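Participant: Have a look at the structure that comes next, please.
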2 protein chains.
Amino acid sequence: MFVKVTQYAGFASIFPLGFIMMSLWPFSAKPQDFSQPNSSWSPEMLRLYEHYNALCEAENEKGEEKRETWRKLPSYNRTIKYATGGVHLSKLVQAKARLFTRCIEEEGAAFEYVAFLNKVEKTCVCVFQAGHLLEGAPGHLHGGAIATMIDTVTGTLAGYLSGPVMTAYLNTNYRSPVPLGSVLLIHSVLDRIEGKKIFVNCKVTSSDESKLHTEATALFVSINMGPLFGTQS
Amino acid sequence: MFVKVTQYAGFASIFPLGFIMMSLWPFSAKPQDFSQPNSSWSPEMLRLYEHYNALCEAENEKGEEKRETWRKLPSYNRTIKYATGGVHLSKLVQAKARLFTRCIEEEGAAFEYVAFLNKVEKTCVCVFQAGHLLEGAPGHLHGGAIATMIDTVTGTLAGYLSGPVMTAYLNTNYRSPVPLGSVLLIHSVLDRIEGKKIFVNCKVTSSDESKLHTEATALFVSINMGPLFGTQS
């Protein structure tokens with residue numbers, strides 16, 4: 001096996017907001033963090049980003065032992081360069097592969113998001129701005145795009161708490177449609193861990209948390225990374 | 001209200017593989033059908049397309065009354081030009097909005113799919129080729145991309161059977177990961193209709209149907225299109 005992975009989240013689903021070994025990054029020594037603010041972010045998106053960022057900094061000031069209470073997670077557009085075993089793609093396609101939620105380069109057009117992890121409270125909060133390429137019904141966000149973000153955020157939390165996981169199920173209840181362009185909060189919280197099973201709950205709300213758009217429950221299962229790369233290690 | 005809609009599928013989710021009034025198409029008199037074969041389609045994708053296409057033609061030969069048994073559904077990259085009421089986007093963004101599953105222009109990079117409807121058997125079968133921009137775990141399809149296709153295909157079936165619907169829930173069970181580049185069959189079948197509720201089951205298998213990748217159940221609810229456009233009509 002050519003690569004080592006420290007942690008990752010979401011097998012059939014998520015590749016996460018961080019947690020790769022930098023030296024293995026296949027494109028450059030320092031990959032771009034796509035969860036940094038850009039000119040497409042609305043004032044509401046920026047306000048929420050700054051709110052959670054301030055929580056990270058506040059915790060930092062309290063001292064080393066609290067440093068990890070809130071943490072902003074980086075987000076790349078690829079995961080890791082994987083081993084030759086188990087690779088199903090040509091080398092060309094392999095080089096072109098991109099994480100689904102970061103595959104559209106135009107800023108603001110698709111998924112704009114930033115996630116914050118609280119390991120103490122076992123929660124992950126994502127601020128998400130829904131771009132115009134994510135349309136389902138006219139002027140509204142596609143249900144599949146919502147499911148994609150829920151899978152990403154819940155899987156990221158599960159992965160950070162338990163190491164490599166895959167999604168076993170994702171049950172999504174759509175309560176009210178989301179206008180395109182909206183800024184949403186995706187609140188993900190650990191329900192429980194039973195052996196290799198990690199149960200996570202999720203709510204998607206309006207940015208002021210007054211309106212519930214979507215609720216979901218997800219089950220992730222801890223896995224051995226080996227089979228993914230065609231090895232047993 | 002500026003537009004009239006005959007039928008559509010999937011409110012917070014799907015905008016479907018057809019069923020719009022052509023005269024209302026905002027971009028050209030004859031929109032492009034993105035479910036026609038292109039050079040990115042693998043031999044397996046083409047084979048399955050031709051298999052189901054032949055079923056449509058065979059039925060046609062039997063006479064008028066059986067014409068609709070199997071039908072290939074067209075697939076556009078936008079739905080309809082919507083009314084001014086209830087529009088949440090600027091005119092510029094509104095013009096740029098695209099259906100999520102057809103928002104990436106590069107052939108073969110993302111969602112390549114074609115769906116066939118059987119109104120008699122109340123099924124919809126979709127042949128889907130998973131492109132390299134839909135990655136979750138390295139070399140594998142993102143769980144959110146699978147959910148997106150399931151929402152699209154089940155919602156299309158519900159919409160064709162019952163008129164305008166929205167997704168109420170989508171419960172997805174991931175059985176085995178899907179290598180990027182795979183050709184899959186998405187089998188969607190009506191479970192039952194109870195008043196305004198349309199229950200649909202779905203299985204995602206390998207192209208030869210030997211391997212089950214994902215199972216799902218979905219509930220759609222018939223809706224009045226008015227509120228979507230900010231009217232009561």
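Here's how to read the names in the structure tokens: chain A, B, ... by the order shown, residue numbers from 1 in each chain, ligand numbers from 1 in the order shown.
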Could you make a table, as a Markdown table, of the residues of chain A that have an atom within 6 Å of an atom of chain B, each with its nearest atom pair and distance in Å to one decimal, counting only C-alpha atoms, in chain and number order?

Facilitator:
```
| residue | atom | partner | partner_atom | distance |
| --- | --- | --- | --- | --- |
| A:Phe11 | CA | B:Ala137 | CA | 5.0 |
| A:Ala12 | CA | B:Pro177 | CA | 5.2 |
| A:Ser13 | CA | B:Gly143 | CA | 3.7 |
| A:Ile14 | CA | B:Gly136 | CA | 4.9 |
| A:Phe15 | CA | B:Gly136 | CA | 5.2 |
| A:Ala97 | CA | B:His132 | CA | 4.5 |
| A:Arg98 | CA | B:Leu133 | CA | 4.8 |
| A:Leu99 | CA | B:Glu135 | CA | 4.7 |
| A:Phe100 | CA | B:Leu134 | CA | 4.3 |
| A:Cys103 | CA | B:Leu133 | CA | 5.7 |
| A:His132 | CA | B:Ala97 | CA | 4.5 |
| A:Leu133 | CA | B:Arg98 | CA | 4.8 |
| A:Leu134 | CA | B:Phe100 | CA | 4.3 |
| A:Glu135 | CA | B:Leu99 | CA | 4.8 |
| A:Gly136 | CA | B:Ser13 | CA | 4.7 |
| A:Ala137 | CA | B:Phe11 | CA | 5.0 |
| A:His142 | CA | B:Ser13 | CA | 4.0 |
| A:Gly143 | CA | B:Ser13 | CA | 3.7 |
| A:Gly144 | CA | B:Thr148 | CA | 3.7 |
| A:Ala147 | CA | B:Gly144 | CA | 5.7 |
| A:Thr148 | CA | B:Gly144 | CA | 3.7 |
| A:Ala168 | CA | B:Tyr174 | CA | 5.1 |
| A:Tyr169 | CA | B:Asn173 | CA | 4.4 |
| A:Leu170 | CA | B:Thr172 | CA | 5.2 |
| A:Asn171 | CA | B:Asn171 | CA | 4.2 |
| A:Thr172 | CA | B:Leu170 | CA | 5.2 |
| A:Asn173 | CA | B:Tyr169 | CA | 4.4 |
| A:Tyr174 | CA | B:Ala168 | CA | 5.1 |
| A:Pro177 | CA | B:Ala12 | CA | 5.1 |
```

Participant: Mind writing the picked residues with N, CA, C and O atoms as a compact mmCIF listing (two decimals), in the first residue's frame?

Facilitator:
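And here is the file that came out, out_3.txt:
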```txt
# COMPACT_ATOMS: atom_id res chain seq x y z
N PHE A 11 -17.21 6.72 3.81
CA PHE A 11 -16.64 5.84 2.83
C PHE A 11 -17.36 5.99 1.50
O PHE A 11 -16.87 6.59 0.56
N ALA A 12 -18.57 5.45 1.47
CA ALA A 12 -19.34 5.55 0.23
C ALA A 12 -19.82 6.97 0.06
O ALA A 12 -20.62 7.25 -0.81
N SER A 13 -19.35 7.87 0.86
CA SER A 13 -20.02 9.15 0.93
C SER A 13 -19.07 10.32 1.02
O SER A 13 -18.90 11.09 0.10
N ILE A 14 -18.45 10.40 2.14
CA ILE A 14 -17.82 11.64 2.50
C ILE A 14 -16.34 11.53 2.36
O ILE A 14 -15.76 10.60 2.90
N PHE A 15 -15.72 12.46 1.73
CA PHE A 15 -14.35 12.65 2.10
C PHE A 15 -14.20 14.05 2.51
O PHE A 15 -14.61 14.96 1.85
N ALA A 97 -10.22 13.22 -10.80
CA ALA A 97 -11.29 13.00 -9.83
C ALA A 97 -11.30 14.12 -8.79
O ALA A 97 -10.26 14.62 -8.38
N ARG A 98 -12.50 14.50 -8.39
CA ARG A 98 -12.66 15.55 -7.38
C ARG A 98 -13.77 15.18 -6.41
O ARG A 98 -14.75 14.53 -6.78
N LEU A 99 -13.59 15.64 -5.17
CA LEU A 99 -14.64 15.48 -4.17
C LEU A 99 -15.92 16.15 -4.70
O LEU A 99 -15.90 17.30 -5.13
N PHE A 100 -17.02 15.41 -4.62
CA PHE A 100 -18.29 15.85 -5.21
C PHE A 100 -18.68 17.26 -4.76
O PHE A 100 -19.11 18.09 -5.57
N CYS A 103 -16.39 20.00 -6.54
CA CYS A 103 -15.98 19.72 -7.92
C CYS A 103 -16.26 20.87 -8.87
O CYS A 103 -15.78 20.86 -10.01
N HIS A 132 -26.56 28.54 -7.35
CA HIS A 132 -27.59 28.44 -8.39
C HIS A 132 -27.49 27.18 -9.25
O HIS A 132 -28.39 26.90 -10.02
N LEU A 133 -26.40 26.43 -9.12
CA LEU A 133 -26.30 25.18 -9.89
C LEU A 133 -26.88 23.99 -9.14
O LEU A 133 -26.80 22.85 -9.61
N LEU A 134 -27.45 24.23 -7.98
CA LEU A 134 -27.98 23.14 -7.15
C LEU A 134 -29.50 23.08 -7.20
O LEU A 134 -30.16 22.62 -6.28
N GLU A 135 -30.06 23.48 -8.31
CA GLU A 135 -31.51 23.62 -8.39
C GLU A 135 -32.23 22.28 -8.53
O GLU A 135 -31.79 21.38 -9.24
N GLY A 136 -33.36 22.18 -7.82
CA GLY A 136 -34.31 21.08 -8.03
C GLY A 136 -35.55 21.68 -8.65
O GLY A 136 -35.58 21.96 -9.84
N ALA A 137 -36.56 21.93 -7.85
CA ALA A 137 -37.71 22.69 -8.32
C ALA A 137 -37.26 24.12 -8.61
O ALA A 137 -36.26 24.58 -8.06
N HIS A 142 -32.16 21.39 -4.69
CA HIS A 142 -32.44 19.98 -4.99
C HIS A 142 -32.33 19.15 -3.71
O HIS A 142 -31.39 19.33 -2.92
N GLY A 143 -33.29 18.24 -3.50
CA GLY A 143 -33.25 17.37 -2.32
C GLY A 143 -31.96 16.56 -2.26
O GLY A 143 -31.46 16.27 -1.16
N GLY A 144 -31.42 16.19 -3.40
CA GLY A 144 -30.16 15.44 -3.43
C GLY A 144 -28.98 16.28 -2.96
O GLY A 144 -28.05 15.76 -2.34
N ALA A 147 -29.23 16.27 0.79
CA ALA A 147 -28.75 14.97 1.30
C ALA A 147 -27.23 14.89 1.22
O ALA A 147 -26.58 14.34 2.13
N THR A 148 -26.67 15.44 0.17
CA THR A 148 -25.22 15.43 0.00
C THR A 148 -24.53 16.19 1.13
O THR A 148 -23.53 15.72 1.71
N ALA A 168 -23.81 3.78 6.40
CA ALA A 168 -24.66 2.59 6.30
C ALA A 168 -26.08 3.00 5.90
O ALA A 168 -26.68 2.38 5.04
N TYR A 169 -26.60 4.00 6.57
CA TYR A 169 -27.88 4.54 6.10
C TYR A 169 -27.95 6.04 6.32
O TYR A 169 -27.24 6.58 7.16
N LEU A 170 -28.82 6.66 5.55
CA LEU A 170 -29.10 8.08 5.70
C LEU A 170 -30.59 8.27 5.47
O LEU A 170 -31.09 8.03 4.37
N ASN A 171 -31.30 8.64 6.54
CA ASN A 171 -32.75 8.84 6.47
C ASN A 171 -33.04 10.33 6.56
O ASN A 171 -32.75 10.96 7.58
N THR A 172 -33.63 10.86 5.52
CA THR A 172 -33.78 12.31 5.39
C THR A 172 -35.25 12.68 5.28
O THR A 172 -35.97 12.15 4.44
N ASN A 173 -35.67 13.58 6.15
CA ASN A 173 -37.05 14.09 6.13
C ASN A 173 -37.05 15.56 5.73
O ASN A 173 -36.47 16.39 6.42
N TYR A 174 -37.71 15.83 4.61
CA TYR A 174 -37.75 17.19 4.09
C TYR A 174 -38.98 17.90 4.66
O TYR A 174 -40.11 17.49 4.41
N PRO A 177 -39.17 23.48 1.77
CA PRO A 177 -38.20 23.68 0.68
C PRO A 177 -37.27 24.85 0.96
O PRO A 177 -37.60 25.77 1.71
```

Participant: Compare A:Val221, A:Ala158, A:Ala54, A:Leu117 by their minimum atom-to-atom distance to Asp191 (chain A), counting only C-alpha atoms, and give me the closest one.

Facilitator: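 Counting only C-alpha atoms, the residue closest to Asp191 (chain A) is A:Ala158.
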